[in-house]
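Chemist: Sharing work-v2.txt below, compact mmCIF, C-alpha atoms:
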# COMPACT_ATOMS: atom_id res chain seq x y z
CA MET A 897 -6.73 -9.29 18.29
CA TYR A 898 -3.11 -9.16 17.14
CA HIS A 899 -0.52 -6.59 18.17
CA LEU A 900 2.71 -6.04 16.24
CA SER A 901 5.45 -3.49 16.77
CA LEU A 902 7.65 -2.07 14.03
CA GLN A 903 10.80 -0.31 15.17
CA GLY A 904 11.77 2.36 12.67
CA ALA A 905 14.86 4.54 12.67
CA THR A 906 13.21 7.36 14.61
CA SER A 907 9.94 5.96 16.00
CA LYS A 908 8.06 2.78 16.81
CA SER A 909 4.79 1.80 15.14
CA ASP A 910 2.20 -0.06 17.15
CA ILE A 911 -0.06 -2.06 14.84
CA TYR A 912 -3.35 -3.49 16.09
CA ILE A 913 -5.30 -5.97 13.97
CA GLY A 914 -8.73 -7.29 14.94
CA ALA A 915 -12.45 -7.36 14.36
CA GLY A 916 -14.21 -4.35 15.85
CA ILE A 917 -11.14 -2.45 17.07
CA PHE A 918 -12.18 0.74 15.25
CA SER A 919 -14.16 1.61 18.38
CA GLN A 920 -10.95 1.37 20.45
CA THR A 921 -9.13 4.07 18.49
CA ALA A 922 -9.52 6.85 21.08
CA ARG A 923 -8.17 4.61 23.85
CA HIS A 924 -5.08 3.63 21.87
CA VAL A 925 -4.51 7.23 20.77
CA ALA A 926 -4.61 8.34 24.43
CA GLU A 927 -2.07 5.66 25.34
CA LYS A 928 0.30 6.71 22.56
CA PHE A 929 -0.06 10.48 22.16
CA LYS A 930 -0.80 13.65 24.12
CA PRO A 931 -2.24 15.90 21.41
CA THR A 932 -3.99 19.18 21.98
CA ARG A 933 -5.58 18.94 18.55
CA ILE A 934 -6.48 16.05 16.26
CA HIS A 935 -7.08 16.46 12.54
CA VAL A 936 -8.67 13.65 10.51
CA VAL A 937 -8.12 13.32 6.76
CA THR A 938 -10.51 11.13 4.80
CA ASP A 939 -12.09 11.07 1.36
CA SER A 940 -15.54 11.56 -0.12
CA ASN A 941 -16.26 7.81 -0.14
CA VAL A 942 -15.24 7.07 3.44
CA ALA A 943 -16.47 10.24 5.16
CA PRO A 944 -20.20 9.36 5.06
CA LEU A 945 -19.47 5.90 6.49
CA TYR A 946 -16.98 6.41 9.31
CA LEU A 947 -15.99 10.03 9.92
CA LYS A 948 -18.79 10.97 12.33
CA GLN A 949 -18.30 7.77 14.32
CA LEU A 950 -14.56 8.35 14.67
CA CYS A 951 -14.88 11.99 15.71
CA ALA A 952 -17.49 11.11 18.33
CA GLU A 953 -14.98 8.92 20.15
CA PHE A 954 -12.74 11.83 21.15
CA PRO A 955 -13.32 14.44 23.85
CA LEU A 956 -11.27 16.93 21.81
CA ASN A 957 -12.64 19.18 19.11
CA ILE A 958 -11.73 17.33 15.92
CA THR A 959 -10.99 19.18 12.69
CA THR A 960 -11.28 17.39 9.37
CA SER A 961 -10.34 17.42 5.70
CA VAL A 962 -12.40 15.51 3.13
CA ILE A 963 -10.52 15.09 -0.15
CA PRO A 964 -11.99 13.79 -3.43
CA ALA A 965 -11.77 10.01 -3.78
CA GLY A 966 -9.57 8.57 -6.50
CA GLU A 967 -5.95 8.01 -7.51
CA GLU A 968 -6.14 10.98 -9.88
CA TYR A 969 -6.29 13.25 -6.81
CA LYS A 970 -3.13 11.79 -5.29
CA ASN A 971 -1.04 14.79 -6.27
CA LEU A 972 0.73 17.86 -4.93
CA ASP A 973 -2.35 20.05 -5.38
CA THR A 974 -4.21 17.89 -2.86
CA VAL A 975 -1.25 18.01 -0.48
CA ALA A 976 -1.19 21.80 -0.72
CA GLY A 977 -4.85 21.82 0.29
CA LEU A 978 -4.02 19.71 3.34
CA TYR A 979 -1.23 22.08 4.34
CA ALA A 980 -3.76 24.92 4.26
CA ASP A 981 -6.19 22.90 6.40
CA PHE A 982 -3.44 21.99 8.89
CA SER A 983 -2.49 25.65 9.18
CA GLU A 984 -6.09 26.75 9.67
CA ALA A 985 -6.48 24.10 12.38
CA GLU A 986 -3.35 25.51 14.07
CA LEU A 987 -1.68 22.11 14.30
CA THR A 988 1.64 21.96 16.11
CA ARG A 989 4.30 19.26 16.12
CA SER A 990 2.79 17.77 19.28
CA ASP A 991 -0.59 17.29 17.60
CA LEU A 992 -1.93 14.30 15.66
CA VAL A 993 -3.14 13.68 12.12
CA ILE A 994 -5.28 10.61 11.48
CA ALA A 995 -5.55 9.10 7.99
CA LEU A 996 -8.96 7.43 7.66
CA GLY A 997 -9.31 5.69 4.34
CA GLY A 998 -7.68 3.55 1.70
CA GLY A 999 -4.24 3.66 0.17
CA VAL A 1000 -4.63 7.03 -1.52
CA VAL A 1001 -5.73 8.74 1.70
CA GLY A 1002 -2.97 7.03 3.66
CA ASP A 1003 -0.26 7.99 1.18
CA ILE A 1004 -1.33 11.62 0.85
CA THR A 1005 -1.91 12.12 4.57
CA GLY A 1006 1.34 10.44 5.51
CA PHE A 1007 3.29 12.63 3.10
CA ALA A 1008 1.56 15.80 4.29
CA ALA A 1009 2.23 14.86 7.94
CA ALA A 1010 5.87 14.03 7.17
CA THR A 1011 6.51 17.42 5.58
CA TYR A 1012 4.27 19.85 7.49
CA LEU A 1013 6.36 21.50 10.22
CA ARG A 1014 9.01 18.93 9.21
CA GLY A 1015 6.89 16.20 10.73
CA ILE A 1016 3.86 15.77 12.97
CA HIS A 1017 2.47 12.60 14.53
CA VAL A 1018 0.35 10.39 12.30
CA CYS A 1019 -2.05 7.48 12.87
CA GLN A 1020 -3.29 5.27 10.05
CA ILE A 1021 -6.79 3.74 10.06
CA PRO A 1022 -6.96 1.80 6.78
CA THR A 1023 -10.45 1.09 5.46
CA THR A 1024 -9.62 -1.07 2.43
CA LEU A 1025 -7.98 -4.48 2.26
CA LEU A 1026 -5.17 -3.10 0.13
CA ALA A 1027 -4.37 -0.45 2.72
CA GLN A 1028 -4.73 -2.88 5.64
CA VAL A 1029 -2.25 -5.45 4.32
CA ASP A 1030 0.17 -3.11 2.65
CA SER A 1031 0.19 0.66 2.33
CA SER A 1032 -0.76 1.65 5.90
CA VAL A 1033 2.28 -0.14 7.35
CA GLY A 1034 5.93 0.66 6.76
CA GLY A 1035 6.07 4.43 6.39
CA LYS A 1036 6.20 4.83 2.62
CA THR A 1037 4.32 8.01 1.79
CA ALA A 1038 4.06 9.55 -1.67
CA VAL A 1039 2.08 11.31 -4.34
CA ASP A 1040 2.05 10.93 -8.11
CA LEU A 1041 3.49 13.20 -10.77
CA PRO A 1042 2.40 13.28 -14.42
CA GLN A 1043 5.69 11.48 -15.12
CA GLY A 1044 4.88 8.51 -12.90
CA LYS A 1045 3.46 7.00 -9.73
CA ASN A 1046 4.77 7.77 -6.22
CA LEU A 1047 7.69 9.86 -7.48
CA VAL A 1048 7.50 12.44 -4.65
CA GLY A 1049 7.41 11.11 -1.12
CA ALA A 1050 9.11 10.45 2.20
CA PHE A 1051 9.79 7.58 4.57
CA TYR A 1052 7.74 8.46 7.65
CA GLN A 1053 6.42 5.83 10.02
CA PRO A 1054 2.91 6.07 11.46
CA GLU A 1055 3.20 5.62 15.19
CA LEU A 1056 -0.18 3.91 15.42
CA VAL A 1057 -2.03 1.71 12.90
CA MET A 1058 -5.55 0.50 13.69
CA ILE A 1059 -6.67 -2.30 11.35
CA ASP A 1060 -10.31 -3.30 11.85
CA THR A 1061 -11.11 -6.35 9.71
CA ASP A 1062 -14.86 -5.88 10.28
CA ILE A 1063 -14.65 -2.89 7.95
CA LEU A 1064 -13.81 -5.28 5.13
CA THR A 1065 -17.33 -6.73 5.25
CA THR A 1066 -18.74 -3.40 4.02
CA LEU A 1067 -16.45 -3.05 1.00
CA PRO A 1068 -17.83 -3.35 -2.54
CA GLU A 1069 -16.61 -6.57 -4.14
CA HIS A 1070 -14.33 -4.84 -6.66
CA ILE A 1071 -12.59 -2.86 -3.89
CA PHE A 1072 -12.11 -6.02 -1.82
CA ASN A 1073 -10.73 -7.87 -4.83
CA ASP A 1074 -8.35 -4.98 -5.46
CA GLY A 1075 -6.71 -5.65 -2.10
CA MET A 1076 -6.45 -9.35 -2.80
CA ALA A 1077 -3.71 -8.61 -5.32
CA GLU A 1078 -1.43 -7.52 -2.48
CA VAL A 1079 -2.45 -10.55 -0.39
CA ILE A 1080 -1.53 -12.81 -3.32
CA LYS A 1081 1.78 -10.97 -3.63
CA TYR A 1082 2.71 -11.80 -0.04
CA GLY A 1083 1.89 -15.45 -0.61
CA PHE A 1084 4.21 -15.75 -3.57
CA ILE A 1085 7.14 -13.71 -2.24
CA SER A 1086 7.25 -15.08 1.30
CA ASN A 1087 4.53 -17.34 2.70
CA PRO A 1088 2.77 -19.86 0.40
CA GLU A 1089 0.41 -20.69 3.28
CA ILE A 1090 -1.39 -17.43 2.49
CA ILE A 1091 -2.28 -18.83 -0.95
CA ASP A 1092 -3.70 -21.92 0.75
CA LEU A 1093 -5.75 -19.75 3.11
CA ILE A 1094 -7.30 -17.64 0.36
CA SER A 1095 -8.00 -20.70 -1.80
CA ALA A 1096 -10.56 -21.94 0.73
CA PRO A 1097 -14.19 -21.27 -0.26
CA ASP A 1098 -14.90 -19.62 3.11
CA PHE A 1099 -11.62 -17.65 3.32
CA LYS A 1100 -13.44 -14.41 4.19
CA GLN A 1101 -14.25 -15.94 7.58
CA ASN A 1102 -10.52 -15.94 8.29
CA MET A 1103 -9.58 -12.39 7.27
CA GLU A 1104 -8.10 -11.44 10.66
CA ARG A 1105 -5.51 -14.21 10.29
CA ILE A 1106 -4.88 -13.45 6.60
CA VAL A 1107 -4.32 -9.75 7.25
CA TYR A 1108 -2.04 -10.57 10.19
CA GLU A 1109 0.11 -12.92 8.09
CA CYS A 1110 0.56 -10.24 5.41
CA VAL A 1111 1.31 -7.43 7.87
CA GLN A 1112 3.80 -9.60 9.73
CA ILE A 1113 5.76 -10.09 6.50
CA LYS A 1114 5.66 -6.36 5.79
CA ARG A 1115 6.79 -5.58 9.35
CA ASP A 1116 9.74 -7.98 9.17
CA VAL A 1117 10.89 -6.73 5.77
CA VAL A 1118 10.61 -3.05 6.72
CA GLN A 1119 12.53 -3.53 9.98
CA ALA A 1120 15.33 -5.13 8.00
CA ASP A 1121 15.36 -2.44 5.29
CA GLU A 1122 13.34 0.63 6.20
CA ARG A 1123 14.75 2.82 3.41
CA ASP A 1124 14.08 0.40 0.54
CA THR A 1125 17.71 -0.09 -0.51
CA GLY A 1126 17.72 -3.88 -0.54
CA LEU A 1127 15.35 -6.49 0.88
CA ARG A 1128 12.31 -4.17 0.93
CA MET A 1129 12.36 -4.15 -2.86
CA ILE A 1130 10.81 -7.63 -2.83
CA LEU A 1131 7.52 -6.00 -1.76
CA ASN A 1132 7.38 -4.54 -5.27
CA PHE A 1133 6.69 -7.90 -6.94
CA GLY A 1134 4.33 -7.09 -9.81
CA HIS A 1135 4.60 -3.37 -9.24
CA THR A 1136 7.12 -2.38 -11.91
CA ILE A 1137 4.99 -3.39 -14.87
CA GLY A 1138 1.91 -2.65 -12.76
CA HIS A 1139 2.90 0.97 -12.14
CA GLY A 1140 3.72 1.30 -15.83
CA ALA A 1141 0.23 0.07 -16.73
CA GLU A 1142 -1.34 2.47 -14.23
CA LYS A 1143 0.50 5.38 -15.82
CA VAL A 1144 -0.47 4.36 -19.36
CA GLY A 1145 -4.07 4.24 -18.12
CA HIS A 1146 -3.72 7.77 -16.70
CA PHE A 1147 -4.21 6.40 -13.15
CA THR A 1148 -7.96 6.08 -13.83
CA GLU A 1149 -8.45 3.04 -16.08
CA LEU A 1150 -6.84 0.42 -13.82
CA SER A 1151 -7.00 0.25 -10.04
CA HIS A 1152 -3.73 -0.39 -8.21
CA GLY A 1153 -4.65 -3.98 -7.39
CA GLN A 1154 -5.68 -4.72 -10.96
CA ALA A 1155 -2.38 -3.33 -12.21
CA VAL A 1156 -0.39 -5.35 -9.68
CA ALA A 1157 -2.19 -8.56 -10.67
CA ILE A 1158 -1.32 -7.93 -14.32
CA GLY A 1159 2.23 -7.05 -13.29
CA MET A 1160 2.71 -10.25 -11.29
CA VAL A 1161 1.64 -12.40 -14.24
CA GLN A 1162 3.96 -10.48 -16.55
CA ALA A 1163 6.83 -10.75 -14.06
CA ALA A 1164 6.25 -14.51 -13.90
CA LYS A 1165 6.39 -14.72 -17.70
CA LEU A 1166 9.59 -12.68 -17.68
CA ALA A 1167 11.07 -15.07 -15.09
CA VAL A 1168 10.38 -18.02 -17.38
CA LYS A 1169 12.22 -16.27 -20.22
CA LEU A 1170 15.17 -15.89 -17.86
CA GLY A 1171 15.15 -19.59 -17.00
CA GLU A 1172 13.52 -19.32 -13.58
CA THR A 1173 10.61 -21.26 -12.01
CA ASP A 1174 7.43 -21.22 -14.09
CA LEU A 1175 4.68 -19.87 -11.82
CA VAL A 1176 2.61 -18.26 -14.58
CA GLU A 1177 -0.34 -20.64 -14.36
CA GLN A 1178 -0.46 -20.56 -10.55
CA ILE A 1179 -0.41 -16.77 -10.37
CA THR A 1180 -2.88 -16.40 -13.22
CA SER A 1181 -5.38 -18.84 -11.75
CA ILE A 1182 -5.36 -17.40 -8.19
CA CYS A 1183 -5.69 -13.84 -9.52
CA GLN A 1184 -8.61 -14.82 -11.75
CA ALA A 1185 -10.25 -16.70 -8.88
CA HIS A 1186 -10.33 -13.41 -6.98
CA GLY A 1187 -11.73 -11.34 -9.81
CA LEU A 1188 -8.47 -9.77 -10.92
CA PRO A 1189 -7.36 -9.21 -14.54
CA THR A 1190 -4.28 -10.98 -15.86
CA GLU A 1191 -3.95 -9.69 -19.43
CA VAL A 1192 -2.16 -6.46 -20.33
CA PRO A 1193 -4.68 -4.05 -21.90
CA TYR A 1194 -2.07 -1.73 -23.43
CA PRO A 1195 0.82 -2.05 -25.90
CA MET A 1196 3.89 -3.36 -24.11
CA GLU A 1197 5.99 -0.70 -25.83
CA ASP A 1198 3.96 1.97 -24.02
CA ILE A 1199 4.36 0.18 -20.69
CA TYR A 1200 8.12 -0.17 -21.23
CA THR A 1201 8.37 3.59 -21.85
CA ALA A 1202 6.42 4.24 -18.64
CA MET A 1203 8.71 1.89 -16.70
CA LEU A 1204 11.74 4.04 -17.57
CA HIS A 1205 10.55 6.45 -14.85
CA ASP A 1206 10.21 3.69 -12.23
CA LYS A 1207 11.87 4.37 -8.85
CA LYS A 1208 13.61 0.98 -9.05
CA ARG A 1209 15.59 2.07 -12.09
CA ALA A 1210 19.32 2.32 -11.40
CA ALA A 1211 21.25 3.94 -14.26
CA ASP A 1212 20.78 1.62 -17.25
CA SER A 1213 18.93 -1.21 -15.52
CA ILE A 1214 15.75 -1.83 -13.52
CA ASN A 1215 15.60 -4.04 -10.45
CA PHE A 1216 12.89 -6.57 -11.20
CA ILE A 1217 11.42 -8.80 -8.50
CA LEU A 1218 11.21 -12.43 -9.59
CA VAL A 1219 9.84 -15.35 -7.56
CA HIS A 1220 11.80 -18.60 -7.61
CA PRO A 1221 10.93 -20.91 -6.04
CA MET A 1222 7.43 -20.32 -4.66
CA GLY A 1223 7.72 -18.28 -1.45
CA LYS A 1224 11.12 -16.76 -2.20
CA ALA A 1225 11.56 -13.44 -3.99
CA ASN A 1226 14.78 -12.31 -5.61
CA ILE A 1227 15.99 -8.92 -6.79
CA HIS A 1228 17.08 -9.28 -10.40
CA PRO A 1229 18.70 -6.26 -12.15
CA ILE A 1230 17.84 -6.32 -15.85
CA PRO A 1231 19.63 -4.03 -18.33
CA LEU A 1232 17.19 -1.76 -20.16
CA GLU A 1233 18.05 -3.09 -23.59
CA GLN A 1234 17.46 -6.67 -22.49
CA LEU A 1235 14.28 -5.67 -20.63
CA HIS A 1236 12.93 -4.02 -23.77
CA GLN A 1237 13.46 -7.26 -25.69
CA LEU A 1238 11.91 -9.35 -22.92
CA VAL A 1239 8.72 -7.31 -22.49
CA THR A 1240 8.08 -6.38 -26.13
CA GLY A 1241 9.47 -9.44 -27.88
CA GLU A 1242 11.52 -7.21 -30.17
Could you write out this structure as structure tokens?

Modeler:
Amino acid sequence: MYHLSLQGATSKSDIYIGAGIFSQTARHVAEKFKPTRIHVVTDSNVAPLYLKQLCAEFPLNITTSVIPAGEEYKNLDTVAGLYADFSEAELTRSDLVIALGGGVVGDITGFAAATYLRGIHVCQIPTTLLAQVDSSVGGKTAVDLPQGKNLVGAFYQPELVMIDTDILTTLPEHIFNDGMAEVIKYGFISNPEIIDLISAPDFKQNMERIVYECVQIKRDVVQADERDTGLRMILNFGHTIGHGAEKVGHFTELSHGQAVAIGMVQAAKLAVKLGETDLVEQITSICQAHGLPTEVPYPMEDIYTAMLHDKKRAADSINFILVHPMGKANIHPIPLEQLHQLVTGE
């Protein structure tokens, strides 16, 4: 088992990574919190698998919310429903909300916890690879608007993150592959050894180490730039075009990992046009080896229009993340007019 700490501006996150640690949740909660009430938020996919088991661990009477599964439900209507559930459960600021699920559950629950009563304690138990290596750590919480992805949110650190890598063995292959896009991202922006690890035929036997390496990068970057004003932007490699593609697909046609894989390949092509290291073939081949798409399924003009609402836009430019050389990410502001020419060829 691995234990990492992330010191945020107002609280410290304790992050535990290991096989089988799901059953230790109640013990770690008791060490960290003194809640009178605990409320668990999960979704319709995860609830039948893990909700009963989690609730049985606690001596307290656990209240729950089960939201519909899917990115299309990551919106303010769902958050409003959680506020109503929190109120009915009579949660106070000394109580605890647990997010049990993938990235959508973690984002929605984190945002609801950050804003209900101006902030109540939150614990993340990520059940997908994508959430384990990325979204459950670092305190970014958000929901989508029709205008774009993650446009309403807050920085709010979970004080406890329980990452059980045994859960990964129960994931459908397409959900597992979805998370591999974020793993690949970490390899290219910071630690090429991760690419070596996941290139091994038996890499799934080493998931505890792989998850740890990714989370360690995320921890280090977030501690250096919690509010995403500088270094933390490198974690968005592949996400600018990826988020644009997700929006064009109405948040239902592409999963987040699929969109990020496409976005990383496109970012690599853009880097070549700007005279940087050519990593297109390497990124394409490792994404394809893990069942991820690499071709853009929509007109680039539509994706460019969607990118205009990206959070990384600053006035008349967008901060693009480019990798050069392998293992080093750079923040590259690109004027909108030039970006339009680069991505559409016009």

Chemist: Do you have the CA of Thr960 (chain A)-CA of Val925 (chain A) distance handy?

Modeler: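 CA of Val925 (chain A) lies 16.7 Å from CA of Thr960 (chain A).
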
Chemist: In terms of the shortest atom-to-atom distance over all atoms listed in the file, which of A:Ile917, A:Leu1175, A:Val1118, A:Ile958 is closest to Tyr1052 (chain A)?

Modeler: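 Closest residue, counting all atoms listed in the file: A:Val1118.
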
Chemist: In the coordinates of the file, take the point (12.0, 6.5, 8.9) and a cut-off of 12 Å; then, counting only C-alpha atoms, name each qualifying protein, DNA or RNA residue as a list in words.

Modeler: Leu902, Gln903, Gly904, Ala905, Thr906, Ser907, Lys908, Ser909, Gly1006, Ala1010, Gly1015, Val1033, Gly1034, Gly1035, Lys1036, Thr1037, Gly1049, Ala1050, Phe1051, Tyr1052, Gln1053, Pro1054, Glu1055, Val1118, Gln1119, Asp1121, Glu1122, Arg1123 and Asp1124 of chain A

Chemist: Within 7 Å of (-2.2, 6.2, 8.8), in the coordinates the file gives, what residues turn up when you count all atoms listed in the file, written out as a PDB file with C-alpha atoms, in the coordinates of the input?

Modeler:
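The file below, part.pdb, is the result:
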ATOM      1  CA  ILE A 994      -5.280  10.610  11.480  1.00  0.00           C
ATOM      2  CA  ALA A 995      -5.550   9.100   7.990  1.00  0.00           C
ATOM      3  CA  LEU A 996      -8.960   7.430   7.660  1.00  0.00           C
ATOM      4  CA  GLY A1002      -2.970   7.030   3.660  1.00  0.00           C
ATOM      5  CA  GLY A1006       1.340  10.440   5.510  1.00  0.00           C
ATOM      6  CA  VAL A1018       0.350  10.390  12.300  1.00  0.00           C
ATOM      7  CA  CYS A1019      -2.050   7.480  12.870  1.00  0.00           C
ATOM      8  CA  GLN A1020      -3.290   5.270  10.050  1.00  0.00           C
ATOM      9  CA  ILE A1021      -6.790   3.740  10.060  1.00  0.00           C
ATOM     10  CA  PRO A1022      -6.960   1.800   6.780  1.00  0.00           C
ATOM     11  CA  SER A1032      -0.760   1.650   5.900  1.00  0.00           C
ATOM     12  CA  PRO A1054       2.910   6.070  11.460  1.00  0.00           C
ATOM     13  CA  VAL A1057      -2.030   1.710  12.900  1.00  0.00           C
TER      14      VAL A1057
END

Chemist: Ile1106 (chain A): which residues within 8 Å, counting only C-alpha atoms, same-chain residues fewer than 4 positions away excluded, as a compact mmCIF listing (two decimals) with C-alpha atoms, keeping the file's coordinate frame?

Modeler:
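What ended up in around_16.txt:
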# COMPACT_ATOMS: atom_id res chain seq x y z
CA VAL A 1079 -2.45 -10.55 -0.39
CA ILE A 1090 -1.39 -17.43 2.49
CA LEU A 1093 -5.75 -19.75 3.11
CA ILE A 1094 -7.30 -17.64 0.36
CA ASN A 1102 -10.52 -15.94 8.29
CA CYS A 1110 0.56 -10.24 5.41

Chemist: Output as JSON lines one row per residue of region 1100-1201 of chain A within 12 Å of region 1215-1232 of chain A: the closest atom pair and its distance in Å to one decimal place, counting all atoms listed in the file, sorted by chain and residue number ascending.

Modeler:
{"residue": "A:Ile1113", "atom": "CA", "partner": "A:Gly1223", "partner_atom": "CA", "distance": 11.6}
{"residue": "A:Val1117", "atom": "CA", "partner": "A:Ala1225", "partner_atom": "CA", "distance": 11.9}
{"residue": "A:Asp1124", "atom": "CA", "partner": "A:Asn1215", "partner_atom": "CA", "distance": 12.0}
{"residue": "A:Thr1125", "atom": "CA", "partner": "A:Asn1215", "partner_atom": "CA", "distance": 10.9}
{"residue": "A:Gly1126", "atom": "CA", "partner": "A:Ile1227", "partner_atom": "CA", "distance": 8.2}
{"residue": "A:Leu1127", "atom": "CA", "partner": "A:Ile1227", "partner_atom": "CA", "distance": 8.1}
{"residue": "A:Arg1128", "atom": "CA", "partner": "A:Ile1227", "partner_atom": "CA", "distance": 9.8}
{"residue": "A:Met1129", "atom": "CA", "partner": "A:Ile1227", "partner_atom": "CA", "distance": 7.2}
{"residue": "A:Ile1130", "atom": "CA", "partner": "A:Ile1217", "partner_atom": "CA", "distance": 5.8}
{"residue": "A:Leu1131", "atom": "CA", "partner": "A:Ile1217", "partner_atom": "CA", "distance": 8.3}
{"residue": "A:Asn1132", "atom": "CA", "partner": "A:Ile1217", "partner_atom": "CA", "distance": 6.7}
{"residue": "A:Phe1133", "atom": "CA", "partner": "A:Ile1217", "partner_atom": "CA", "distance": 5.1}
{"residue": "A:Gly1134", "atom": "CA", "partner": "A:Ile1217", "partner_atom": "CA", "distance": 7.4}
{"residue": "A:His1135", "atom": "CA", "partner": "A:Ile1217", "partner_atom": "CA", "distance": 8.7}
{"residue": "A:Thr1136", "atom": "CA", "partner": "A:Phe1216", "partner_atom": "CA", "distance": 7.2}
{"residue": "A:Ile1137", "atom": "CA", "partner": "A:Phe1216", "partner_atom": "CA", "distance": 9.3}
{"residue": "A:Gly1138", "atom": "CA", "partner": "A:Phe1216", "partner_atom": "CA", "distance": 11.8}
{"residue": "A:Gly1159", "atom": "CA", "partner": "A:Ile1217", "partner_atom": "CA", "distance": 10.5}
{"residue": "A:Met1160", "atom": "CA", "partner": "A:Leu1218", "partner_atom": "CA", "distance": 8.9}
{"residue": "A:Val1161", "atom": "CA", "partner": "A:Leu1218", "partner_atom": "CA", "distance": 10.6}
{"residue": "A:Gln1162", "atom": "CA", "partner": "A:Leu1218", "partner_atom": "CA", "distance": 10.2}
{"residue": "A:Ala1163", "atom": "CA", "partner": "A:Leu1218", "partner_atom": "CA", "distance": 6.5}
{"residue": "A:Ala1164", "atom": "CA", "partner": "A:Leu1218", "partner_atom": "CA", "distance": 6.9}
{"residue": "A:Lys1165", "atom": "CA", "partner": "A:Leu1218", "partner_atom": "CA", "distance": 9.7}
{"residue": "A:Leu1166", "atom": "CA", "partner": "A:Leu1218", "partner_atom": "CA", "distance": 8.3}
{"residue": "A:Ala1167", "atom": "CA", "partner": "A:Leu1218", "partner_atom": "CA", "distance": 6.1}
{"residue": "A:Val1168", "atom": "CA", "partner": "A:Leu1218", "partner_atom": "CA", "distance": 9.6}
{"residue": "A:Lys1169", "atom": "CA", "partner": "A:Leu1218", "partner_atom": "CA", "distance": 11.3}
{"residue": "A:Leu1170", "atom": "CA", "partner": "A:Leu1218", "partner_atom": "CA", "distance": 9.8}
{"residue": "A:Gly1171", "atom": "CA", "partner": "A:His1220", "partner_atom": "CA", "distance": 10.0}
{"residue": "A:Glu1172", "atom": "CA", "partner": "A:His1220", "partner_atom": "CA", "distance": 6.3}
{"residue": "A:Thr1173", "atom": "CA", "partner": "A:His1220", "partner_atom": "CA", "distance": 5.3}
{"residue": "A:Asp1174", "atom": "CA", "partner": "A:His1220", "partner_atom": "CA", "distance": 8.2}
{"residue": "A:Leu1175", "atom": "CA", "partner": "A:Met1222", "partner_atom": "CA", "distance": 7.7}
{"residue": "A:Val1176", "atom": "CA", "partner": "A:Val1219", "partner_atom": "CA", "distance": 10.5}
{"residue": "A:Gln1178", "atom": "CA", "partner": "A:Met1222", "partner_atom": "CA", "distance": 9.8}
{"residue": "A:Ile1179", "atom": "CA", "partner": "A:Met1222", "partner_atom": "CA", "distance": 10.3}
{"residue": "A:Tyr1200", "atom": "CA", "partner": "A:Leu1232", "partner_atom": "CA", "distance": 9.3}
{"residue": "A:Thr1201", "atom": "CA", "partner": "A:Leu1232", "partner_atom": "CA", "distance": 10.5}

Chemist: Tell me, counting all atoms listed in the file, for each residue of region 981-1042 of chain A within 8 Å of region 928-937 of chain A, which pair of atoms is nearest and how far apart they are in Å to one decimal, in rows ordered by chain and increasing number, as a Markdown table.

Modeler:
| residue | atom | partner | partner_atom | distance |
| --- | --- | --- | --- | --- |
| A:Phe982 | CA | A:His935 | CA | 7.6 |
| A:Ala985 | CA | A:His935 | CA | 7.7 |
| A:Leu987 | CA | A:Arg933 | CA | 6.6 |
| A:Ser990 | CA | A:Pro931 | CA | 5.8 |
| A:Asp991 | CA | A:Pro931 | CA | 4.4 |
| A:Leu992 | CA | A:Ile934 | CA | 4.9 |
| A:Val993 | CA | A:His935 | CA | 4.8 |
| A:Ile994 | CA | A:Val936 | CA | 4.7 |
| A:Ala995 | CA | A:Val937 | CA | 5.1 |
| A:Leu996 | CA | A:Val937 | CA | 6.0 |
| A:Val1001 | CA | A:Val937 | CA | 7.2 |
| A:Thr1005 | CA | A:Val937 | CA | 6.7 |

Chemist: Keeping only C-alpha atoms, write the selected residues to a file as a compact mmCIF listing (two decimals), keeping the file's coordinate frame.

Modeler:
# COMPACT_ATOMS: atom_id res chain seq x y z
CA PHE A 982 -3.44 21.99 8.89
CA ALA A 985 -6.48 24.10 12.38
CA LEU A 987 -1.68 22.11 14.30
CA SER A 990 2.79 17.77 19.28
CA ASP A 991 -0.59 17.29 17.60
CA LEU A 992 -1.93 14.30 15.66
CA VAL A 993 -3.14 13.68 12.12
CA ILE A 994 -5.28 10.61 11.48
CA ALA A 995 -5.55 9.10 7.99
CA LEU A 996 -8.96 7.43 7.66
CA VAL A 1001 -5.73 8.74 1.70
CA THR A 1005 -1.91 12.12 4.57

Chemist: Between CA of Asp1206 (chain A) and CA of Lys1045 (chain A), what is the distance, to one decimal in Å?

Modeler: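 Separation of CA of Asp1206 (chain A) and CA of Lys1045 (chain A): 7.9 Å.
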
Chemist: Please report, as JSON lines, each residue of region 974-1018 of chain A lying at most 12 Å from region 1150-1156 of chain A, together with the nearest pair of atoms and the separation in Å rounded to one decimal; use all atoms listed in the file, and order rows by chain and ascending residue number.

Modeler:
{"residue": "A:Gly998", "atom": "CA", "partner": "A:His1152", "partner_atom": "CA", "distance": 11.4}
{"residue": "A:Gly999", "atom": "CA", "partner": "A:His1152", "partner_atom": "CA", "distance": 9.3}
{"residue": "A:Val1000", "atom": "CA", "partner": "A:His1152", "partner_atom": "CA", "distance": 10.0}

Chemist: Would you compute the distance between CA of Val975 (chain A) and CA of Val1039 (chain A)? Give it in Å to one decimal.

Modeler: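 So the answer is 8.4 Å.
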
Chemist: Can you tell me, as a PyMOL selection string, what residues are no more than 9 Å from region 1061-1072 of chain A when counting all atoms listed in the file, ignoring any on the same chain fewer than 3 positions away?

Modeler: chain A and resi 913-918+1023-1026+1028+1075-1076+1100+1103-1104+1107+1151+1153+1187-1188

Chemist: Identify which of the residues A:Ala1157, A:Val1029, A:Ala943, A:Ile1199 lies closest to Pro964 (chain A), counting all atoms listed in the file when measuring atom-to-atom distances.

Modeler: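 Result for the nearest residue to Pro964 (chain A): A:Ala943.
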